[in-house]
Protein chains: 2
Amino acid sequence: MKPLETCTVGIVGLGLMGGAIALALRGEGIISAAGRILAYDRNDDTLTSAQAQGIIDEGMKDPKSMLGCCDLVFLCLSPRALLGFMESQMPAFQAGALITDIAGIKGTIVAAMERTLRDDLDFIPGHPMAGSELGGLAHAKSCRFHGKNYILTPLKRNKPENLAFLKTLIYRMGFARITETTAQDHDRKIAFTSQLCHVIAAALIDCEADAAITRFGGGSFEDLTRIAMLNAPMWTELFIENQEELLRRIEQFEGSLDTLKSLIASGARSELETRLHAVRERRAAMA
Amino acid sequence: MKPLETCTVGIVGLGLMGGAIALALRGEGIISAAGRILAYDRNDDTLTSAQAQGIIDEGMKDPKSMLGCCDLVFLCLSPRALLGFMESQMPAFQAGALITDIAGIKGTIVAAMERTLRDDLDFIPGHPMAGSELGGLAHAKSCRFHGKNYILTPLKRNKPENLAFLKTLIYRMGFARITETTAQDHDRKIAFTSQLCHVIAAALIDCEADAAITRFGGGSFEDLTRIAMLNAPMWTELFIENQEELLRRIEQFEGSLDTLKSLIASGARSELETRLHAVRERRAAMA
């Protein structure tokens with residue numbers, strides 16, 4: 001790879017995360033004036049706006065012409081869109097290009113890339129754990145990377161120097177911690193920390209129709225349902241793509257909920273208090 | 001009532017909320033140098049520390065001597081401690097005193113006060129919707145009132161001028177919105193916005209033992225489980241005191257969770273997306 005500063009970076013999909021990555025690449029001084037930040041998005045207006053604001057150097061209406069000159073490509077698409085894009089655009093990438101993604105599930109992506117990636121390309125699957133319930137380029141500035149987690153699920157064939165290169169870039173964007181693991185482990189854990197939480201937030205809102213209930217809010221309800229402002233197509237895809245792990249997690253959660261419900265129903269003060277105390281201790285150990 | 005500025009205010013229980021109220025009374029300039037802020041707490045060290053920090057004017061080791069000179073009393077106790085305190089200390093209150101509380105359930109308190117309150121006292125049940133998972137006087141400063149909700153569940157016998165007096169005080173402490181309702185309505189709604197949320201947060205932590213799971217956190221998990229750092233005795237009491245409403249809310253939530261689970265399990269993309277979209281719209285209307 002070239003020196004990071006002088007790379008031509010291509011961003012495919014200039015939504016919240018694509019926009020936030022572009023802002024970090026420029027804002028943190030990672031890509032210098034000798035490098036370039038290009039972007040492709042199916043929405044021309046997004047590209048025009050991003051270029052006018054100086055978020056990117058150039059918006060490209062044709063992905064082929066962009067991919068042909070990029071040293072590094074961030075695919076900021078949902079899993080199915082990503083797989084479709086890779087299938088149709090595989091021949092267009094520059095030889096030796098490093099490609100990474102941001103999708104919230106990794107199993108299907110890793111499997112497809114192990115099978116279909118061109119020999120002269122390197123694809124390192126990634127998942128920046130920094131989203132926002134506010135989607136789109138307009139909110140990219142509100143998506144902060146500092147102090148956040150980043151997960152990488154490398155392919156067997158990834159070149160060590162490319163992995164080191166990407167990790168340097170991730171830290172320079174502000175992320176605090178990179179965890180390398182398998183796609184299966186990622187999907188199992190993300191089913192809990194992310195997808196289950198979104199299902200719970202959605203269920204909470206689903207079961208209460210009174211908008212004035214917020215007069216009785218004191219922070220807990222607001223915190224638990226912030227993420228109920230979800231991008232419905234994207235989360236539908238993530239939930240169903242990771243169906244098996246997510247259903248297992250929902251059932252585990254239902255089991256714990258049922259235990260607490262039984263203790264409340266039977267008025268088992270002492271057992272309930274012991275269980276809540278153990279929860280507090282466990283949560284404290286996670287902080 | 002005297003002018004608010006010159007009142008002697010007594011705070012019973014100088015934990016997070018009692019401490020935060022004392023700080024607001026002084027910090028917002030509500031109680032002037034001509035008034036006094038007294039406190040009683042079963043822990044002498046808490047009183048000594050609060051007095052040394054200037055949070056209160058004087059810590060009282062004997063509740064009787066404090067109650068005898070207070071125009072306004074804030075009972076900052078859990079529901080059962082409150083009922084025990086009122087039963088044992090009822091004769092000690094100054095004639096004409098205005099009493100209020102902060103307990104998270106109101107039904108049992110309203111019922112007891114309607115029945116047992118001395119004729120020459122006024123008790124207005126209240127619930128400031130501003131807590132923190134960090135308890136105790138030491139964290140009182142982190143408990144902010146600005147922009148928060150406050151619920152009042154007046155007794156039939158409350159004097160209108162006392163109600164107006166308390167509402168003025170609440171707004172001056174920084175709260176943004178006061179809702180007056182019945183104890184039953186309060187308990188029904190709080191079962192949803194507060195207690196159910198705490199049960200869910202506890203269940204989420206209960207079903208995952210791996211402390212390193214936080215490496216996979218991106219904000220959702222942290223937000224949903226912040227309140228799992230719960231005060232076990234207090235929440236045990238709140239859950240069991242409001243058992244009936246809370247169990248009804250848990251079951252409603254389980255119903256919605258089950259619907260979402262079924263849609264995920266059957267891979268019903270279009271129905272799931274429609275449901276998630278409706279959730280988003282409903283949450284947006286609540287903001």
# chains A, B, ... in the order shown; residues from 1 in each chain; ligands from 1
>>> residues_around(residues="Glu28 in chain B", least_positions_apart="6", cutoff="12 Å", atoms="only C-alpha atoms", output="list in words")
Glu5, Ala20, Ile21, Ala22, Phe145, His146, Leu169, Ile170, Tyr171, Arg172, Met173, Gly174 and Phe175 of chain B
>>> residues_around(residues="Ala130 in chain B", least_positions_apart="5", cutoff="8 Å", atoms="only C-alpha atoms", output="ChimeraX atom specification")
/A:218-219 /B:143-145,148-149
>>> write_last_selection(atoms="N, CA and C atoms", output="PDB file, in the first residue's frame")
ATOM      1  N   GLY A 218     -38.650   9.549  32.859  1.00  0.00           N
ATOM      2  CA  GLY A 218     -37.620  10.128  33.723  1.00  0.00           C
ATOM      3  C   GLY A 218     -36.222   9.771  33.265  1.00  0.00           C
ATOM      4  N   GLY A 219     -36.098   9.310  32.043  1.00  0.00           N
ATOM      5  CA  GLY A 219     -34.765   8.985  31.532  1.00  0.00           C
ATOM      6  C   GLY A 219     -34.647   7.526  31.113  1.00  0.00           C
TER       7      GLY A 219
ATOM      8  N   CYS B 143     -27.468  14.575  39.775  1.00  0.00           N
ATOM      9  CA  CYS B 143     -28.920  14.401  39.571  1.00  0.00           C
ATOM     10  C   CYS B 143     -29.521  15.744  39.179  1.00  0.00           C
ATOM     11  N   ARG B 144     -29.756  15.926  37.911  1.00  0.00           N
ATOM     12  CA  ARG B 144     -30.195  17.221  37.367  1.00  0.00           C
ATOM     13  C   ARG B 144     -31.709  17.297  37.260  1.00  0.00           C
ATOM     14  N   PHE B 145     -32.259  18.423  37.607  1.00  0.00           N
ATOM     15  CA  PHE B 145     -33.712  18.614  37.537  1.00  0.00           C
ATOM     16  C   PHE B 145     -34.155  19.361  36.284  1.00  0.00           C
ATOM     17  N   LYS B 148     -36.756  18.254  33.402  1.00  0.00           N
ATOM     18  CA  LYS B 148     -37.364  16.972  33.782  1.00  0.00           C
ATOM     19  C   LYS B 148     -38.861  17.082  34.137  1.00  0.00           C
ATOM     20  N   ASN B 149     -39.495  15.928  34.168  1.00  0.00           N
ATOM     21  CA  ASN B 149     -40.912  15.808  34.544  1.00  0.00           C
ATOM     22  C   ASN B 149     -41.075  15.646  36.050  1.00  0.00           C
TER      23      ASN B 149
END
>>> closest_atom_pairs(of="range 119-220 of chain B", to="range 50-66 of chain B", cutoff="12 Å", atoms="only C-alpha atoms", output="tab-separated table")
residue	atom	partner	partner_atom	distance
B:Gly136	CA	B:Ala50	CA	11.5
B:Leu137	CA	B:Ala50	CA	8.0
B:Ala138	CA	B:Ala50	CA	9.3
B:Ala140	CA	B:Ile55	CA	10.1
B:Lys141	CA	B:Ile55	CA	10.3
>>> calpha_fit_rmsd(fixed="chain B", moving="chain A")
0.0 Å
>>> interface_residues(of="chain A", to="chain B", cutoff="7 Å", atoms="only C-alpha atoms", output="ChimeraX atom specification")
/A:129-130,148-149,189-190,193-194,197,200,202-207,211-218,220-221,223-224,227-230,232-233,236,239-240,243,247,252-253,256-257,261,264-265,267,269,272-273,276-277,279-280,283-286
>>> select_by_dssp(residues="range 35-230 of chain B", states="alpha helix (DSSP H)", output="ChimeraX atom specification")
/B:44-52,63-67,79-89,107-116,160-172,183-190,197-206,220-225
>>> select_by_dssp(residues="range 51-235 of chain B", states="strand (DSSP E or B)", output="MDAnalysis selection string")
chainID B and resid 58:60 72:75 98:101 122:124 126:129 149:152 177:180
>>> write_last_selection(atoms="C-alpha atoms", output="mmCIF file, in the first residue's frame")
data_model
loop_
_atom_site.group_PDB
_atom_site.id
_atom_site.type_symbol
_atom_site.label_atom_id
_atom_site.label_comp_id
_atom_site.auth_asym_id
_atom_site.auth_seq_id
_atom_site.Cartn_x
_atom_site.Cartn_y
_atom_site.Cartn_z
ATOM 1 C CA GLU B 58 -28.032 21.684 59.987
ATOM 2 C CA GLY B 59 -28.232 17.914 60.272
ATOM 3 C CA MET B 60 -30.649 16.732 62.964
ATOM 4 C CA LEU B 72 -42.186 22.253 54.523
ATOM 5 C CA VAL B 73 -40.969 18.658 54.692
ATOM 6 C CA PHE B 74 -39.609 16.525 51.850
ATOM 7 C CA LEU B 75 -39.825 12.827 52.653
ATOM 8 C CA LEU B 98 -46.831 21.063 54.135
ATOM 9 C CA ILE B 99 -45.390 17.613 53.512
ATOM 10 C CA THR B 100 -44.463 16.018 50.223
ATOM 11 C CA ASP B 101 -42.584 12.915 49.122
ATOM 12 C CA ASP B 122 -51.233 18.832 54.339
ATOM 13 C CA PHE B 123 -49.503 16.047 52.406
ATOM 14 C CA ILE B 124 -49.110 16.348 48.630
ATOM 15 C CA GLY B 126 -45.117 13.729 44.399
ATOM 16 C CA HIS B 127 -42.659 11.951 42.147
ATOM 17 C CA PRO B 128 -39.751 13.850 40.607
ATOM 18 C CA MET B 129 -38.817 11.967 37.413
ATOM 19 C CA ASN B 149 -40.912 15.808 34.544
ATOM 20 C CA TYR B 150 -42.575 15.908 37.972
ATOM 21 C CA ILE B 151 -45.768 14.062 38.824
ATOM 22 C CA LEU B 152 -48.160 15.112 41.595
ATOM 23 C CA ARG B 177 -43.324 19.958 33.407
ATOM 24 C CA ILE B 178 -45.689 19.035 36.222
ATOM 25 C CA THR B 179 -48.431 16.494 35.584
ATOM 26 C CA GLU B 180 -51.257 16.180 38.109
#
>>> atom_distance(atom1="CA of Leu121 in chain A", atom2="CA of Lys167 in chain A")
17.7 Å
>>> atom_distance(atom1="CA of Ala112 in chain B", atom2="CA of Ala92 in chain B")
17.6 Å
>>> atom_distance(atom1="CA of Gln184 in chain A", atom2="CA of Ser78 in chain A")
18.0 Å
>>> residues_around(residues="Cys76 in chain B", least_positions_apart="5", cutoff="10 Å", atoms="only C-alpha atoms", output="JSON list (two decimals) with C-alpha atoms, in the first residue's frame")
[["chain", "number", "residue", "atom", "x", "y", "z"],
["B", 11, "ILE", "CA", -35.45, 16.83, 54.31],
["B", 12, "VAL", "CA", -35.96, 13.31, 55.63],
["B", 13, "GLY", "CA", -33.48, 10.94, 54.03],
["B", 14, "LEU", "CA", -30.41, 12.59, 52.56],
["B", 15, "GLY", "CA", -29.64, 10.22, 49.70],
["B", 16, "LEU", "CA", -29.38, 11.04, 46.02],
["B", 17, "MET", "CA", -32.75, 12.78, 45.75],
["B", 18, "GLY", "CA", -32.81, 14.38, 49.20],
["B", 19, "GLY", "CA", -29.33, 15.74, 48.52],
["B", 21, "ILE", "CA", -33.33, 18.77, 46.46],
["B", 41, "ASP", "CA", -30.88, 10.85, 58.02],
["B", 81, "ALA", "CA", -39.82, 3.53, 55.11],
["B", 82, "LEU", "CA", -42.02, 6.54, 54.40],
["B", 100, "THR", "CA", -44.46, 16.02, 50.22],
["B", 101, "ASP", "CA", -42.58, 12.92, 49.12],
["B", 102, "ILE", "CA", -40.65, 11.53, 46.17],
["B", 103, "ALA", "CA", -41.57, 7.84, 46.22]]
>>> decode(residues="range 18-54 of chain B", atoms="N, CA and C atoms", output="compact mmCIF listing (two decimals), in the first residue's frame")
# COMPACT_ATOMS: atom_id res chain seq x y z
N GLY B 18 -32.77 13.40 48.12
CA GLY B 18 -32.81 14.38 49.20
C GLY B 18 -31.66 15.38 49.05
N GLY B 19 -30.50 14.87 48.71
CA GLY B 19 -29.33 15.74 48.52
C GLY B 19 -29.53 16.67 47.32
N ALA B 20 -30.09 16.13 46.24
CA ALA B 20 -30.30 16.95 45.04
C ALA B 20 -31.32 18.06 45.31
N ILE B 21 -32.33 17.75 46.11
CA ILE B 21 -33.33 18.77 46.46
C ILE B 21 -32.69 19.87 47.32
N ALA B 22 -31.89 19.46 48.29
CA ALA B 22 -31.18 20.45 49.12
C ALA B 22 -30.30 21.36 48.26
N LEU B 23 -29.58 20.74 47.33
CA LEU B 23 -28.69 21.52 46.45
C LEU B 23 -29.49 22.50 45.60
N ALA B 24 -30.66 22.06 45.12
CA ALA B 24 -31.49 22.94 44.28
C ALA B 24 -32.08 24.08 45.11
N LEU B 25 -32.50 23.79 46.33
CA LEU B 25 -33.11 24.81 47.19
C LEU B 25 -32.12 25.94 47.45
N ARG B 26 -30.87 25.58 47.66
CA ARG B 26 -29.85 26.59 47.93
C ARG B 26 -29.31 27.15 46.62
N GLY B 27 -28.96 26.24 45.70
CA GLY B 27 -28.30 26.65 44.46
C GLY B 27 -29.15 27.56 43.59
N GLU B 28 -30.45 27.31 43.57
CA GLU B 28 -31.34 28.13 42.74
C GLU B 28 -31.80 29.38 43.52
N GLY B 29 -31.30 29.53 44.73
CA GLY B 29 -31.65 30.71 45.53
C GLY B 29 -33.10 30.69 46.00
N ILE B 30 -33.68 29.51 46.14
CA ILE B 30 -35.09 29.41 46.53
C ILE B 30 -35.25 29.69 48.02
N ILE B 31 -34.36 29.13 48.81
CA ILE B 31 -34.37 29.39 50.24
C ILE B 31 -33.25 30.39 50.56
N SER B 32 -33.62 31.54 51.03
CA SER B 32 -32.64 32.60 51.29
C SER B 32 -31.96 32.38 52.64
N ALA B 33 -31.10 33.30 52.98
CA ALA B 33 -30.41 33.21 54.27
C ALA B 33 -31.40 33.33 55.44
N ALA B 34 -32.56 33.89 55.15
CA ALA B 34 -33.60 34.02 56.19
C ALA B 34 -34.35 32.70 56.41
N GLY B 35 -34.18 31.77 55.48
CA GLY B 35 -34.81 30.45 55.64
C GLY B 35 -33.76 29.44 56.07
N ARG B 36 -34.18 28.20 56.30
CA ARG B 36 -33.23 27.18 56.73
C ARG B 36 -33.50 25.86 56.02
N ILE B 37 -32.42 25.13 55.77
CA ILE B 37 -32.54 23.78 55.20
C ILE B 37 -31.98 22.80 56.23
N LEU B 38 -32.88 22.01 56.79
CA LEU B 38 -32.50 21.01 57.80
C LEU B 38 -32.62 19.63 57.18
N ALA B 39 -31.94 18.67 57.78
CA ALA B 39 -32.09 17.30 57.27
C ALA B 39 -31.96 16.29 58.39
N TYR B 40 -32.71 15.22 58.22
CA TYR B 40 -32.57 14.06 59.10
C TYR B 40 -32.22 12.85 58.24
N ASP B 41 -31.24 12.08 58.70
CA ASP B 41 -30.88 10.85 58.02
C ASP B 41 -30.46 9.85 59.08
N ARG B 42 -30.73 8.58 58.86
CA ARG B 42 -30.35 7.59 59.88
C ARG B 42 -28.84 7.44 59.97
N ASN B 43 -28.15 7.91 58.92
CA ASN B 43 -26.69 7.86 58.93
C ASN B 43 -26.12 9.22 59.36
N ASP B 44 -25.55 9.26 60.56
CA ASP B 44 -25.00 10.51 61.10
C ASP B 44 -23.89 11.09 60.23
N ASP B 45 -23.07 10.21 59.67
CA ASP B 45 -21.95 10.69 58.84
C ASP B 45 -22.44 11.47 57.63
N THR B 46 -23.55 11.02 57.07
CA THR B 46 -24.13 11.72 55.92
C THR B 46 -24.50 13.15 56.32
N LEU B 47 -25.12 13.29 57.49
CA LEU B 47 -25.52 14.62 57.96
C LEU B 47 -24.30 15.50 58.20
N THR B 48 -23.30 14.94 58.85
CA THR B 48 -22.08 15.70 59.13
C THR B 48 -21.43 16.18 57.83
N SER B 49 -21.35 15.26 56.87
CA SER B 49 -20.73 15.59 55.59
C SER B 49 -21.53 16.66 54.85
N ALA B 50 -22.85 16.51 54.84
CA ALA B 50 -23.70 17.48 54.13
C ALA B 50 -23.60 18.86 54.76
N GLN B 51 -23.55 18.89 56.07
CA GLN B 51 -23.44 20.18 56.77
C GLN B 51 -22.07 20.82 56.49
N ALA B 52 -21.03 19.99 56.54
CA ALA B 52 -19.68 20.50 56.28
C ALA B 52 -19.56 21.06 54.86
N GLN B 53 -20.27 20.45 53.91
CA GLN B 53 -20.22 20.92 52.52
C GLN B 53 -21.18 22.10 52.26
N GLY B 54 -21.96 22.45 53.27
CA GLY B 54 -22.90 23.56 53.09
C GLY B 54 -24.13 23.19 52.29
